[in-house]
>>> print(open('target-v1.txt').read())   # compact mmCIF, C-alpha atoms
# COMPACT_ATOMS: atom_id res chain seq x y z
CA LEU L 25 10.73 8.58 11.18
CA ALA L 26 11.65 9.49 7.63
CA LYS L 27 9.25 8.41 4.91
CA THR L 28 10.69 6.31 2.10
CA THR L 29 9.64 5.98 -1.51
CA GLN L 30 10.53 3.01 -3.68
CA PRO L 31 9.37 1.76 -7.07
CA ILE L 32 6.47 -0.64 -6.72
CA SER L 33 7.98 -3.24 -9.00
CA MET L 34 10.97 -4.04 -11.21
CA ASP L 35 11.77 -6.75 -13.71
CA SER L 36 15.19 -8.13 -14.52
CA TYR L 37 16.86 -11.12 -16.14
CA GLU L 38 19.15 -13.72 -14.67
CA GLY L 39 22.76 -12.64 -14.54
CA GLN L 40 22.04 -8.92 -14.63
CA GLU L 41 22.89 -6.41 -11.95
CA VAL L 42 19.81 -4.93 -10.30
CA ASN L 43 19.74 -1.52 -8.66
CA ILE L 44 16.77 -0.53 -6.51
CA THR L 45 16.67 3.10 -5.46
CA CYS L 46 14.94 4.41 -2.38
CA SER L 47 14.16 8.07 -1.77
CA HIS L 48 14.24 9.43 1.79
CA ASN L 49 14.30 13.21 1.52
CA ASN L 50 13.64 13.81 5.22
CA ILE L 51 16.33 11.56 6.59
CA ALA L 52 17.66 12.77 9.94
CA THR L 53 21.27 13.09 10.98
CA ASN L 54 21.16 10.01 13.21
CA ASP L 55 19.20 7.84 10.78
CA TYR L 56 20.58 4.71 9.19
CA ILE L 57 19.30 3.03 6.03
CA THR L 58 18.39 -0.62 6.17
CA TRP L 59 17.21 -3.06 3.51
CA TYR L 60 15.24 -6.27 3.96
CA GLN L 61 14.25 -9.03 1.55
CA GLN L 62 11.01 -10.99 1.80
CA PHE L 63 10.00 -14.14 -0.06
CA PRO L 64 6.30 -15.08 -0.31
CA SER L 65 4.83 -16.32 2.97
CA GLN L 66 8.12 -15.85 4.81
CA GLY L 67 9.29 -13.22 7.24
CA PRO L 68 11.60 -10.45 5.99
CA ARG L 69 15.32 -11.10 6.10
CA PHE L 70 17.94 -8.44 6.82
CA ILE L 71 20.19 -7.69 3.85
CA ILE L 72 22.32 -4.66 4.61
CA GLN L 73 22.54 -1.44 6.61
CA GLY L 74 24.55 1.71 6.05
CA TYR L 75 24.96 5.34 7.00
CA LYS L 76 26.95 6.93 4.17
CA THR L 77 29.06 6.18 1.10
CA LYS L 78 29.20 2.49 0.31
CA VAL L 79 28.64 -0.71 2.25
CA THR L 80 29.20 -4.16 0.81
CA ASN L 81 28.58 -7.62 2.14
CA GLU L 82 28.37 -11.08 0.64
CA VAL L 83 24.83 -10.47 -0.60
CA ALA L 84 24.59 -6.87 -1.81
CA SER L 85 26.03 -3.39 -1.91
CA LEU L 86 24.43 -0.24 -0.62
CA PHE L 87 25.31 3.11 -2.16
CA ILE L 88 24.48 6.29 -0.28
CA PRO L 89 25.30 9.69 -1.79
CA ALA L 90 26.71 12.53 0.25
CA ASP L 91 23.33 14.22 0.82
CA ARG L 92 21.85 10.87 2.00
CA LYS L 93 18.46 11.73 0.51
CA SER L 94 18.42 8.50 -1.41
CA SER L 95 20.11 5.13 -1.41
CA THR L 96 20.57 2.33 -3.91
CA LEU L 97 20.58 -1.37 -3.18
CA SER L 98 22.67 -3.20 -5.74
CA LEU L 99 22.27 -6.94 -6.31
CA PRO L 100 25.05 -8.35 -8.52
CA ARG L 101 24.18 -11.01 -11.09
CA VAL L 102 20.70 -11.86 -9.89
CA SER L 103 19.23 -15.33 -10.16
CA LEU L 104 15.64 -16.56 -10.18
CA SER L 105 15.87 -17.05 -6.42
CA ASP L 106 16.31 -13.30 -5.93
CA THR L 107 12.68 -12.79 -6.92
CA ALA L 108 11.26 -11.20 -3.79
CA VAL L 109 10.02 -7.97 -2.24
CA TYR L 110 12.73 -5.57 -1.08
CA TYR L 111 12.07 -3.03 1.66
CA CYS L 112 13.98 0.16 2.37
CA LEU L 113 13.76 1.41 5.96
CA VAL L 114 15.16 4.52 7.59
CA GLY L 115 15.54 5.16 11.29
CA GLU L 116 17.82 5.83 14.18
CA ARG L 117 20.44 3.22 14.90
CA GLY L 118 19.54 1.12 17.92
CA GLN L 119 15.83 1.73 17.35
CA GLY L 120 15.54 -0.73 14.51
CA PHE L 121 12.61 -2.43 16.11
CA SER L 122 10.53 0.67 15.40
CA PHE L 123 11.52 1.12 11.77
CA ILE L 124 8.58 1.38 9.41
CA PHE L 125 8.22 -1.12 6.58
CA GLY L 126 6.58 0.43 3.54
CA LYS L 127 5.15 -1.52 0.64
CA GLY L 128 8.53 -2.42 -0.78
CA THR L 129 9.70 -3.12 -4.33
CA ARG L 130 8.61 -6.35 -5.95
CA LEU L 131 11.53 -7.67 -7.99
CA LEU L 132 10.82 -10.30 -10.63
CA VAL L 133 13.84 -12.05 -12.11
CA LYS L 134 13.13 -13.74 -15.41
CA PRO L 135 15.08 -16.59 -17.03
CA GLU I 25 20.03 -22.86 15.79
CA ALA I 26 19.17 -19.20 16.37
CA GLN I 27 15.54 -18.69 15.55
CA VAL I 28 12.17 -17.14 16.24
CA THR I 29 9.31 -19.61 16.47
CA GLN I 30 5.60 -18.94 16.22
CA ASN I 31 2.64 -21.16 16.99
CA PRO I 32 0.32 -21.98 15.49
CA ARG I 33 1.40 -21.49 11.88
CA TYR I 34 -2.17 -21.61 10.62
CA LEU I 35 -5.36 -20.87 12.50
CA ILE I 36 -8.99 -20.61 11.48
CA THR I 37 -11.33 -19.32 14.14
CA VAL I 38 -14.67 -17.64 14.59
CA THR I 39 -15.51 -14.09 15.55
CA GLY I 40 -15.25 -13.44 19.27
CA LYS I 41 -13.34 -16.55 20.28
CA LYS I 42 -10.24 -15.50 22.21
CA LEU I 43 -6.95 -16.73 20.86
CA THR I 44 -3.25 -16.45 21.55
CA VAL I 45 -0.40 -16.67 19.09
CA THR I 46 2.85 -17.55 20.78
CA CYS I 47 6.28 -16.23 19.85
CA SER I 48 9.57 -17.39 21.28
CA GLN I 49 13.19 -16.54 20.49
CA ASN I 50 16.36 -18.28 21.64
CA MET I 51 18.82 -15.46 20.96
CA ASN I 52 18.45 -13.62 24.27
CA HIS I 53 17.20 -10.56 22.40
CA GLU I 54 15.76 -7.66 24.35
CA TYR I 55 13.56 -6.30 21.59
CA MET I 56 10.54 -8.14 20.21
CA SER I 57 7.79 -6.98 17.88
CA TRP I 58 4.59 -8.13 16.25
CA TYR I 59 3.61 -7.22 12.70
CA ARG I 60 0.69 -7.93 10.49
CA GLN I 61 0.92 -8.12 6.72
CA ASP I 62 -2.00 -7.53 4.41
CA PRO I 63 -2.08 -7.38 0.60
CA GLY I 64 -1.35 -3.89 -0.63
CA LEU I 65 -0.57 -2.57 2.86
CA GLY I 66 2.86 -4.01 3.51
CA LEU I 67 4.06 -4.82 7.01
CA ARG I 68 2.55 -2.84 9.87
CA GLN I 69 3.75 -2.98 13.43
CA ILE I 70 1.18 -3.93 16.08
CA TYR I 71 3.13 -3.85 19.35
CA TYR I 72 6.74 -3.95 20.40
CA SER I 73 8.62 -4.65 23.59
CA MET I 74 11.96 -3.21 24.59
CA ASN I 75 12.43 -5.66 27.45
CA VAL I 76 10.61 -7.73 30.05
CA GLU I 77 7.50 -5.97 31.31
CA VAL I 78 8.02 -3.09 28.84
CA THR I 79 5.63 -2.93 25.89
CA ASP I 80 4.38 -0.18 23.63
CA LYS I 81 1.93 0.33 20.81
CA GLY I 82 2.95 0.24 17.20
CA ASP I 83 0.95 1.55 14.27
CA VAL I 84 -2.09 -0.74 14.49
CA PRO I 85 -2.59 -1.90 18.11
CA GLU I 86 -6.40 -1.82 18.22
CA GLY I 87 -7.90 -5.21 19.00
CA TYR I 88 -4.64 -6.75 20.22
CA LYS I 89 -2.89 -7.30 23.53
CA VAL I 90 0.61 -8.43 24.32
CA SER I 91 2.59 -9.39 27.38
CA ARG I 92 6.29 -9.81 28.07
CA LYS I 93 6.75 -11.74 31.28
CA GLU I 94 9.86 -13.56 30.09
CA LYS I 95 12.61 -12.34 27.84
CA ARG I 96 12.21 -15.12 25.31
CA ASN I 97 8.41 -15.03 24.91
CA PHE I 98 6.09 -12.39 23.48
CA PRO I 99 2.56 -13.73 22.95
CA LEU I 100 -0.03 -11.88 20.88
CA ILE I 101 -3.54 -12.02 22.28
CA LEU I 102 -6.76 -11.37 20.40
CA GLU I 103 -9.44 -11.09 23.06
CA SER I 104 -12.34 -10.92 20.63
CA PRO I 105 -11.16 -11.56 17.08
CA SER I 106 -13.01 -10.00 14.18
CA PRO I 107 -12.84 -10.73 10.44
CA ASN I 108 -10.74 -7.61 9.82
CA GLN I 109 -7.98 -9.26 11.84
CA THR I 110 -7.64 -11.94 9.21
CA SER I 111 -4.01 -11.51 8.22
CA LEU I 112 -0.50 -12.91 8.15
CA TYR I 113 1.27 -12.22 11.42
CA PHE I 114 5.00 -12.06 12.03
CA CYS I 115 6.94 -11.90 15.25
CA ALA I 116 10.46 -10.48 15.25
CA SER I 117 13.30 -9.97 17.68
CA SER I 118 16.46 -7.92 17.72
CA ARG I 119 19.30 -6.90 19.99
CA PRO I 120 19.98 -3.25 20.81
CA GLY I 121 23.53 -2.11 20.48
CA ALA I 122 24.33 -4.69 17.84
CA ARG I 123 26.57 -3.70 14.96
CA VAL I 124 23.54 -3.49 12.73
CA ASP I 125 19.80 -3.21 13.36
CA GLU I 126 18.95 -6.69 12.25
CA GLN I 127 15.51 -7.99 13.11
CA TYR I 128 15.01 -11.76 13.02
CA PHE I 129 11.56 -12.77 11.88
CA GLY I 130 9.54 -15.84 12.65
CA PRO I 131 7.92 -17.99 9.94
CA GLY I 132 4.54 -16.28 10.24
CA THR I 133 1.07 -17.23 11.43
CA ARG I 134 -1.75 -17.13 8.94
CA LEU I 135 -4.96 -16.28 10.81
CA THR I 136 -8.45 -16.45 9.36
CA VAL I 137 -11.39 -15.13 11.36
CA THR I 138 -14.82 -16.06 10.03
>>> encode(input="target-v1.txt", output="structure tokens")
Amino acid sequence: LAKTTQPISMDSYEGQEVNITCSHNNIATNDYITWYQQFPSQGPRFIIQGYKTKVTNEVASLFIPADRKSSTLSLPRVSLSDTAVYYCLVGERGQGFSFIFGKGTRLLVKP
Amino acid sequence: EAQVTQNPRYLITVTGKKLTVTCSQNMNHEYMSWYRQDPGLGLRQIYYSMNVEVTDKGDVPEGYKVSRKEKRNFPLILESPSPNQTSLYFCASSRPGARVDEQYFGPGTRLTVT
């Protein structure tokens, strides 16, 4: 399973767009990139998954460059309630149960 | 409502006293997993199960047992708990072949072993 590297923490302000980048230099051909969000004392919650280019849903966008060695989770116009830890995971599609959660990025949204 | 439930939510016990944390899902998911979360260490997988009667070790299986006799249930068993198993535990389930690899997590069980 490819190792991922994310910033430990980030600060932002309400209404701003937040971009969290994850590095996965050893990503394999069959690997997908998945992001989860976790609030304190709650289980992680799936945000988005992608393979290449761009994926968008009602919560976020995921940008993946052509070489797929990194990915960027984009949260538009964050609010205080987006304060959470965000995890980037990489692994083969259909094997999501074995994806490895790292330490994640702690996002603090300030008023 | 689709959900993963865990019981108990909070548990304080003493070293060596066997305990079981139950996990149940109502989504007919084949895959289920147990994680522990500790400050500074993130989420680490303990055991996972690909289907009934099929289980396998995750990253930190020592000191834990699991069983999968029914599709909906995946209990975590600590035969002889020790203080280093004090942690926040999460159960999760997912469905293979889904459009995305979405794991559904339970609310967590906070275990303290004294």
>>> residues_around(input="target-v1.txt", residues="Ala52 (chain L)", least_positions_apart="3", cutoff="12 Å", atoms="only C-alpha atoms", output="PDB file with C-alpha atoms, in the frame of the given file")
ATOM      1  CA  LEU L  25      10.730   8.580  11.180  1.00  0.00           C
ATOM      2  CA  ALA L  26      11.650   9.490   7.630  1.00  0.00           C
ATOM      3  CA  LYS L  27       9.250   8.410   4.910  1.00  0.00           C
ATOM      4  CA  HIS L  48      14.240   9.430   1.790  1.00  0.00           C
ATOM      5  CA  ASN L  49      14.300  13.210   1.520  1.00  0.00           C
ATOM      6  CA  ASP L  55      19.200   7.840  10.780  1.00  0.00           C
ATOM      7  CA  TYR L  56      20.580   4.710   9.190  1.00  0.00           C
ATOM      8  CA  ILE L  57      19.300   3.030   6.030  1.00  0.00           C
ATOM      9  CA  TYR L  75      24.960   5.340   7.000  1.00  0.00           C
ATOM     10  CA  ASP L  91      23.330  14.220   0.820  1.00  0.00           C
ATOM     11  CA  ARG L  92      21.850  10.870   2.000  1.00  0.00           C
ATOM     12  CA  LYS L  93      18.460  11.730   0.510  1.00  0.00           C
ATOM     13  CA  VAL L 114      15.160   4.520   7.590  1.00  0.00           C
ATOM     14  CA  GLY L 115      15.540   5.160  11.290  1.00  0.00           C
ATOM     15  CA  GLU L 116      17.820   5.830  14.180  1.00  0.00           C
ATOM     16  CA  ARG L 117      20.440   3.220  14.900  1.00  0.00           C
TER      17      ARG L 117
END
>>> closest_residue(input="target-v1.txt", among="I:Ser117, I:Asn108, I:Asn75, I:Thr46", to="chain L", atoms="all atoms listed in the file")
I:Ser117
>>> interface_residues(input="target-v1.txt", of="chain L", to="chain I", cutoff="8 Å", atoms="only C-alpha atoms", output="CSV table (one decimal) with C-alpha atoms, in the frame of the given file")
chain,number,residue,atom,x,y,z
L,58,THR,CA,18.4,-0.6,6.2
L,65,SER,CA,4.8,-16.3,3.0
L,66,GLN,CA,8.1,-15.8,4.8
L,67,GLY,CA,9.3,-13.2,7.2
L,68,PRO,CA,11.6,-10.4,6.0
L,69,ARG,CA,15.3,-11.1,6.1
L,70,PHE,CA,17.9,-8.4,6.8
L,73,GLN,CA,22.5,-1.4,6.6
L,117,ARG,CA,20.4,3.2,14.9
L,118,GLY,CA,19.5,1.1,17.9
L,119,GLN,CA,15.8,1.7,17.4
L,120,GLY,CA,15.5,-0.7,14.5
L,121,PHE,CA,12.6,-2.4,16.1
L,122,SER,CA,10.5,0.7,15.4
L,124,ILE,CA,8.6,1.4,9.4
L,125,PHE,CA,8.2,-1.1,6.6
L,126,GLY,CA,6.6,0.4,3.5
L,127,LYS,CA,5.2,-1.5,0.6
L,128,GLY,CA,8.5,-2.4,-0.8
>>> closest_residue(input="target-v1.txt", among="I:Leu135, I:Val38, I:Val78, I:Val84", to="Phe98 (chain I)", atoms="all atoms listed in the file")
I:Val78
>>> atom_distance(input="target-v1.txt", atom1="CA of Phe63 (chain L)", atom2="CA of Ile88 (chain L)")
25.0 Å
>>> residues_around(input="target-v1.txt", residues="Val83 (chain L)", least_positions_apart="2", cutoff="9 Å", atoms="all atoms listed in the file", output="list in words")
Ile71, Ile72, Thr80, Asn81, Ser85, Leu99 and Pro100 of chain L
>>> atom_distance(input="target-v1.txt", atom1="CA of Tyr34 (chain I)", atom2="CA of Ile70 (chain I)")
18.8 Å
>>> residues_around(input="target-v1.txt", residues="Pro105 (chain I)", least_positions_apart="2", cutoff="12 Å", atoms="all atoms listed in the file", output="list of chain:residue names")
I:Leu35, I:Ile36, I:Thr37, I:Val38, I:Thr39, I:Gly40, I:Lys41, I:Lys42, I:Leu43, I:Thr44, I:Glu86, I:Gly87, I:Tyr88, I:Lys89, I:Leu100, I:Ile101, I:Leu102, I:Glu103, I:Pro107, I:Asn108, I:Gln109, I:Thr110, I:Ser111, I:Leu135, I:Thr136, I:Val137, I:Thr138
>>> residues_near_point(input="target-v1.txt", point="(26.5, -13.9, -16.8)", cutoff="12 Å", atoms="all atoms listed in the file", output="ChimeraX atom specification")
/L:37-41,100-103,135
>>> atom_distance(input="target-v1.txt", atom1="CA of Pro31 (chain L)", atom2="CA of Leu131 (chain L)")
9.7 Å
>>> residues_around(input="target-v1.txt", residues="Leu104 (chain L)", least_positions_apart="2", cutoff="6 Å", atoms="only C-alpha atoms", output="list of chain:residue names")
L:Asp106, L:Thr107, L:Val133
>>> write_last_selection(input="target-v1.txt", atoms="C-alpha atoms", output="tab-separated table (two decimals), in the frame of the given file")
chain	number	residue	atom	x	y	z
L	106	ASP	CA	16.31	-13.30	-5.93
L	107	THR	CA	12.68	-12.79	-6.92
L	133	VAL	CA	13.84	-12.05	-12.11
>>> build_atoms(input="target-v1.txt", residues="region 42-56 of chain L", atoms="N, CA and C atoms", output="PDB file, keeping the file's coordinate frame")
ATOM      1  N   VAL L  42      21.051  -5.649 -10.580  1.00  0.00           N
ATOM      2  CA  VAL L  42      19.810  -4.930 -10.300  1.00  0.00           C
ATOM      3  C   VAL L  42      20.083  -3.828  -9.289  1.00  0.00           C
ATOM      4  N   ASN L  43      19.611  -2.649  -9.578  1.00  0.00           N
ATOM      5  CA  ASN L  43      19.740  -1.520  -8.660  1.00  0.00           C
ATOM      6  C   ASN L  43      18.352  -1.026  -8.286  1.00  0.00           C
ATOM      7  N   ILE L  44      18.056  -1.022  -7.006  1.00  0.00           N
ATOM      8  CA  ILE L  44      16.770  -0.530  -6.510  1.00  0.00           C
ATOM      9  C   ILE L  44      17.051   0.731  -5.705  1.00  0.00           C
ATOM     10  N   THR L  45      16.430   1.814  -6.119  1.00  0.00           N
ATOM     11  CA  THR L  45      16.670   3.100  -5.460  1.00  0.00           C
ATOM     12  C   THR L  45      15.542   3.447  -4.514  1.00  0.00           C
ATOM     13  N   CYS L  46      15.899   3.989  -3.394  1.00  0.00           N
ATOM     14  CA  CYS L  46      14.940   4.410  -2.380  1.00  0.00           C
ATOM     15  C   CYS L  46      15.162   5.898  -2.097  1.00  0.00           C
ATOM     16  N   SER L  47      14.081   6.638  -2.063  1.00  0.00           N
ATOM     17  CA  SER L  47      14.160   8.070  -1.770  1.00  0.00           C
ATOM     18  C   SER L  47      13.745   8.310  -0.326  1.00  0.00           C
ATOM     19  N   HIS L  48      14.548   9.078   0.387  1.00  0.00           N
ATOM     20  CA  HIS L  48      14.240   9.430   1.790  1.00  0.00           C
ATOM     21  C   HIS L  48      14.682  10.856   2.033  1.00  0.00           C
ATOM     22  N   ASN L  49      13.919  11.796   1.488  1.00  0.00           N
ATOM     23  CA  ASN L  49      14.300  13.210   1.520  1.00  0.00           C
ATOM     24  C   ASN L  49      14.417  13.789   2.920  1.00  0.00           C
ATOM     25  N   ASN L  50      13.654  13.243   3.867  1.00  0.00           N
ATOM     26  CA  ASN L  50      13.640  13.810   5.220  1.00  0.00           C
ATOM     27  C   ASN L  50      14.489  13.035   6.202  1.00  0.00           C
ATOM     28  N   ILE L  51      15.477  12.357   5.719  1.00  0.00           N
ATOM     29  CA  ILE L  51      16.330  11.560   6.590  1.00  0.00           C
ATOM     30  C   ILE L  51      17.013  12.456   7.616  1.00  0.00           C
ATOM     31  N   ALA L  52      17.059  11.987   8.856  1.00  0.00           N
ATOM     32  CA  ALA L  52      17.660  12.770   9.940  1.00  0.00           C
ATOM     33  C   ALA L  52      19.133  12.400  10.109  1.00  0.00           C
ATOM     34  N   THR L  53      19.833  13.255  10.811  1.00  0.00           N
ATOM     35  CA  THR L  53      21.270  13.090  10.980  1.00  0.00           C
ATOM     36  C   THR L  53      21.643  11.730  11.578  1.00  0.00           C
ATOM     37  N   ASN L  54      20.840  11.263  12.519  1.00  0.00           N
ATOM     38  CA  ASN L  54      21.160  10.010  13.210  1.00  0.00           C
ATOM     39  C   ASN L  54      20.567   8.774  12.539  1.00  0.00           C
ATOM     40  N   ASP L  55      19.878   8.965  11.437  1.00  0.00           N
ATOM     41  CA  ASP L  55      19.200   7.840  10.780  1.00  0.00           C
ATOM     42  C   ASP L  55      20.160   6.972   9.979  1.00  0.00           C
ATOM     43  N   TYR L  56      19.900   5.675  10.040  1.00  0.00           N
ATOM     44  CA  TYR L  56      20.580   4.710   9.190  1.00  0.00           C
ATOM     45  C   TYR L  56      19.586   4.186   8.149  1.00  0.00           C
TER      46      TYR L  56
END
